[in-house]
Amino acid sequence: REFLGSHGKYLMKQEEASAIGSFVNSKPTIFVAVASYRDPECLPTVESVFARAKYPERIRVAIVDQRRSTGETEGSRYDDGTDLSCRPPTAESCDTDPNQFLCQYKDQIDWMEYPAQAMVGPVFARHLAYRMYRGEYFALQVDSHVRFVAEWDEDIIDQWNATDNEMAILSTYMNDITNSIDPLTHVSLRPQRAMMCSLEYEWRGGS
């Protein structure tokens, strides 16, 4: 590549780094990767990505949907052995029912479905999601069972800018959904940072 410090020979200069990443209406774009494993909360998660962004036109979502479409019924969401799909509405379904919320953003969503029983864990699924990256300015990875707060896109970019470090990576352990977001304003009700207070390492060598 032309950038990346002449193929890794040196750290990128500021002007080189500034030339990477796309913009929509002068706003830096955001790539959102969602790896879902048989999760009925996936589609509501994707809907909240767009519904609560200040500038949803700059968002692009990549979904890796790992689900049972037929077969075994144990643990499935429906009696016929299928799981709820995270597939966004197609052009045909939007022609039939244009009032579906995600129809207005269908061209900003990429979706890939894989049989759940053939997958090998979240790391590989996230790798597949990132293969759908197309040069957005920022990249965000989230679980498939979260809800976004109002104007999350502006807020998270403001936090990144506040680090004054172009190499900064923001990470957090998220709060649960229940009683965390105002149902009317969608403002966060938990300004405190989530913390993991205890853990147990489950693996035992030789077992």
# chains A, B, ... in the order shown; residues from 1 in each chain; ligands from 1
call {"tool": "residues_around", "arguments": {"residues": "Met195 (chain A)", "least_positions_apart": "2", "cutoff": "10 Å", "atoms": "only C-alpha atoms", "output": "PyMOL selection string"}}
result
chain A and resi 172-175+192-193+197-198
call {"tool": "write_last_selection", "arguments": {"atoms": "N, CA, C and O atoms", "output": "short mmCIF file (atom, residue, chain, number, x, y, z; two decimals), in the first residue's frame"}}
result
data_model
loop_
_atom_site.label_atom_id
_atom_site.label_comp_id
_atom_site.auth_asym_id
_atom_site.auth_seq_id
_atom_site.Cartn_x
_atom_site.Cartn_y
_atom_site.Cartn_z
N THR A 172 -14.39 -1.28 26.42
CA THR A 172 -15.13 -1.26 27.68
C THR A 172 -15.84 -2.59 27.87
O THR A 172 -16.03 -3.35 26.92
N TYR A 173 -16.19 -2.88 29.12
CA TYR A 173 -17.08 -3.99 29.46
C TYR A 173 -18.45 -3.38 29.66
O TYR A 173 -18.66 -2.57 30.56
N MET A 174 -19.41 -3.74 28.82
CA MET A 174 -20.69 -3.04 28.78
C MET A 174 -21.60 -3.40 29.95
O MET A 174 -21.56 -4.52 30.47
N ASN A 175 -22.44 -2.41 30.33
CA ASN A 175 -23.50 -2.67 31.29
C ASN A 175 -24.57 -3.54 30.64
O ASN A 175 -24.65 -3.67 29.42
N GLN A 192 -21.51 5.68 35.31
CA GLN A 192 -20.33 5.06 35.90
C GLN A 192 -19.77 3.97 34.99
O GLN A 192 -20.48 3.40 34.17
N ARG A 193 -18.50 3.69 35.15
CA ARG A 193 -17.83 2.68 34.34
C ARG A 193 -18.15 1.28 34.84
O ARG A 193 -18.12 1.02 36.04
N CYS A 197 -15.49 -7.39 38.83
CA CYS A 197 -14.91 -7.40 40.18
C CYS A 197 -14.27 -8.73 40.55
O CYS A 197 -13.47 -8.80 41.47
N SER A 198 -14.66 -9.80 39.89
CA SER A 198 -14.07 -11.10 40.20
C SER A 198 -14.14 -11.98 38.97
O SER A 198 -14.96 -11.78 38.08
#
call {"tool": "select_by_dssp", "arguments": {"residues": "region 28-96 of chain A", "states": "strand (DSSP E)", "output": "PyMOL selection string"}}
result
chain A and resi 28+30-37+59-67
call {"tool": "write_last_selection", "arguments": {"atoms": "all heavy atoms", "output": "short mmCIF file (atom, residue, chain, number, x, y, z; two decimals), in the first residue's frame"}}
result
data_model
loop_
_atom_site.label_atom_id
_atom_site.label_comp_id
_atom_site.auth_asym_id
_atom_site.auth_seq_id
_atom_site.Cartn_x
_atom_site.Cartn_y
_atom_site.Cartn_z
N PRO A 28 -16.73 11.59 9.34
CA PRO A 28 -16.00 10.32 9.22
C PRO A 28 -16.93 9.13 9.38
O PRO A 28 -17.81 9.13 10.23
CB PRO A 28 -14.98 10.39 10.37
CG PRO A 28 -15.55 11.38 11.34
CD PRO A 28 -16.30 12.37 10.52
N ILE A 30 -18.19 5.15 10.04
CA ILE A 30 -17.98 4.18 11.12
C ILE A 30 -18.41 2.79 10.63
O ILE A 30 -19.55 2.61 10.19
CB ILE A 30 -18.78 4.54 12.38
CG1 ILE A 30 -18.42 5.94 12.88
CG2 ILE A 30 -18.51 3.51 13.49
CD1 ILE A 30 -19.26 6.41 14.06
N PHE A 31 -17.51 1.84 10.71
CA PHE A 31 -17.79 0.45 10.39
C PHE A 31 -18.14 -0.27 11.68
O PHE A 31 -17.39 -0.22 12.66
CB PHE A 31 -16.55 -0.18 9.74
CG PHE A 31 -16.65 -1.67 9.52
CD1 PHE A 31 -17.32 -2.16 8.41
CD2 PHE A 31 -16.05 -2.55 10.39
CE1 PHE A 31 -17.40 -3.52 8.18
CE2 PHE A 31 -16.12 -3.92 10.17
CZ PHE A 31 -16.79 -4.41 9.06
N VAL A 32 -19.28 -0.95 11.71
CA VAL A 32 -19.73 -1.66 12.90
C VAL A 32 -19.81 -3.15 12.59
O VAL A 32 -20.60 -3.57 11.73
CB VAL A 32 -21.10 -1.16 13.39
CG1 VAL A 32 -21.53 -1.90 14.65
CG2 VAL A 32 -21.06 0.35 13.66
N ALA A 33 -18.99 -3.96 13.26
CA ALA A 33 -18.96 -5.40 13.05
C ALA A 33 -19.79 -6.09 14.13
O ALA A 33 -19.57 -5.88 15.32
CB ALA A 33 -17.52 -5.91 13.07
N VAL A 34 -20.73 -6.93 13.71
CA VAL A 34 -21.61 -7.66 14.63
C VAL A 34 -21.53 -9.15 14.31
O VAL A 34 -21.96 -9.58 13.23
CB VAL A 34 -23.07 -7.18 14.52
CG1 VAL A 34 -23.95 -7.93 15.51
CG2 VAL A 34 -23.17 -5.68 14.74
N ALA A 35 -20.97 -9.93 15.21
CA ALA A 35 -20.94 -11.38 15.06
C ALA A 35 -21.99 -11.97 15.98
O ALA A 35 -21.91 -11.85 17.20
CB ALA A 35 -19.55 -11.93 15.40
N SER A 36 -22.99 -12.60 15.40
CA SER A 36 -24.13 -13.13 16.17
C SER A 36 -24.13 -14.64 16.14
O SER A 36 -24.06 -15.26 15.07
CB SER A 36 -25.44 -12.59 15.58
OG SER A 36 -26.55 -13.22 16.17
N TYR A 37 -24.24 -15.26 17.32
CA TYR A 37 -24.37 -16.71 17.39
C TYR A 37 -25.75 -17.07 17.94
O TYR A 37 -26.00 -16.96 19.14
CB TYR A 37 -23.27 -17.33 18.27
CG TYR A 37 -23.31 -18.83 18.27
CD1 TYR A 37 -22.74 -19.56 17.23
CD2 TYR A 37 -23.95 -19.53 19.30
CE1 TYR A 37 -22.80 -20.95 17.22
CE2 TYR A 37 -24.00 -20.92 19.30
CZ TYR A 37 -23.42 -21.62 18.25
OH TYR A 37 -23.49 -23.00 18.23
N ILE A 59 -22.94 5.37 8.91
CA ILE A 59 -22.73 4.07 9.53
C ILE A 59 -22.83 2.96 8.49
O ILE A 59 -23.70 3.00 7.61
CB ILE A 59 -23.78 3.82 10.63
CG1 ILE A 59 -23.89 5.01 11.60
CG2 ILE A 59 -23.46 2.52 11.37
CD1 ILE A 59 -22.64 5.31 12.35
N ARG A 60 -21.95 1.98 8.57
CA ARG A 60 -22.11 0.75 7.79
C ARG A 60 -21.92 -0.44 8.72
O ARG A 60 -20.96 -0.47 9.49
CB ARG A 60 -21.11 0.67 6.63
CG ARG A 60 -21.52 -0.38 5.59
CD ARG A 60 -20.68 -0.27 4.33
NE ARG A 60 -19.33 -0.74 4.57
CZ ARG A 60 -18.96 -2.02 4.56
NH1 ARG A 60 -19.87 -2.97 4.34
NH2 ARG A 60 -17.72 -2.36 4.78
N VAL A 61 -22.85 -1.38 8.64
CA VAL A 61 -22.85 -2.53 9.55
C VAL A 61 -22.55 -3.81 8.77
O VAL A 61 -23.09 -4.02 7.67
CB VAL A 61 -24.22 -2.66 10.26
CG1 VAL A 61 -24.28 -3.93 11.09
CG2 VAL A 61 -24.47 -1.44 11.14
N ALA A 62 -21.70 -4.65 9.34
CA ALA A 62 -21.42 -5.97 8.78
C ALA A 62 -21.88 -7.03 9.79
O ALA A 62 -21.43 -7.01 10.95
CB ALA A 62 -19.94 -6.13 8.48
N ILE A 63 -22.75 -7.92 9.37
CA ILE A 63 -23.33 -8.93 10.24
C ILE A 63 -22.85 -10.32 9.82
O ILE A 63 -22.96 -10.69 8.65
CB ILE A 63 -24.87 -8.91 10.19
CG1 ILE A 63 -25.41 -7.52 10.51
CG2 ILE A 63 -25.46 -9.96 11.13
CD1 ILE A 63 -26.89 -7.35 10.19
N VAL A 64 -22.33 -11.07 10.78
CA VAL A 64 -22.07 -12.50 10.57
C VAL A 64 -23.10 -13.24 11.40
O VAL A 64 -23.05 -13.23 12.63
CB VAL A 64 -20.63 -12.88 10.98
CG1 VAL A 64 -20.45 -14.40 10.92
CG2 VAL A 64 -19.62 -12.20 10.08
N ASP A 65 -24.05 -13.85 10.72
CA ASP A 65 -25.22 -14.45 11.36
C ASP A 65 -25.04 -15.97 11.41
O ASP A 65 -25.20 -16.67 10.42
CB ASP A 65 -26.46 -14.08 10.55
CG ASP A 65 -27.76 -14.39 11.27
OD1 ASP A 65 -27.71 -14.76 12.46
OD2 ASP A 65 -28.83 -14.24 10.64
N GLN A 66 -24.69 -16.47 12.60
CA GLN A 66 -24.49 -17.91 12.78
C GLN A 66 -25.77 -18.48 13.38
O GLN A 66 -26.11 -18.19 14.53
CB GLN A 66 -23.31 -18.15 13.72
CG GLN A 66 -22.03 -17.45 13.29
CD GLN A 66 -21.03 -17.34 14.43
OE1 GLN A 66 -20.21 -18.22 14.62
NE2 GLN A 66 -21.11 -16.25 15.19
N ARG A 67 -26.48 -19.30 12.62
CA ARG A 67 -27.77 -19.76 13.08
C ARG A 67 -28.10 -21.14 12.52
O ARG A 67 -27.51 -21.58 11.55
CB ARG A 67 -28.88 -18.78 12.69
CG ARG A 67 -29.00 -18.55 11.19
CD ARG A 67 -30.02 -17.48 10.86
NE ARG A 67 -31.38 -17.92 11.10
CZ ARG A 67 -32.18 -18.41 10.16
NH1 ARG A 67 -31.77 -18.55 8.91
NH2 ARG A 67 -33.42 -18.77 10.44
#
call {"tool": "closest_residue", "arguments": {"among": "A:Phe148, A:Trp160, A:Phe50, A:Tyr55", "to": "Asp176 (chain A)", "atoms": "only C-alpha atoms"}}
result
A:Phe148
call {"tool": "closest_residue", "arguments": {"among": "A:Pro44, A:Pro191, A:Pro56, A:Pro98", "to": "Thr29 (chain A)", "atoms": "only C-alpha atoms"}}
result
A:Pro56
call {"tool": "select_by_dssp", "arguments": {"residues": "region 72-166 of chain A", "states": "alpha helix (DSSP H)", "output": "PyMOL selection string"}}
result
chain A and resi 91-96+122-130+152-162
call {"tool": "atom_distance", "arguments": {"atom1": "CA of Thr90 (chain A)", "atom2": "CA of Pro115 (chain A)"}}
result
20.2 Å
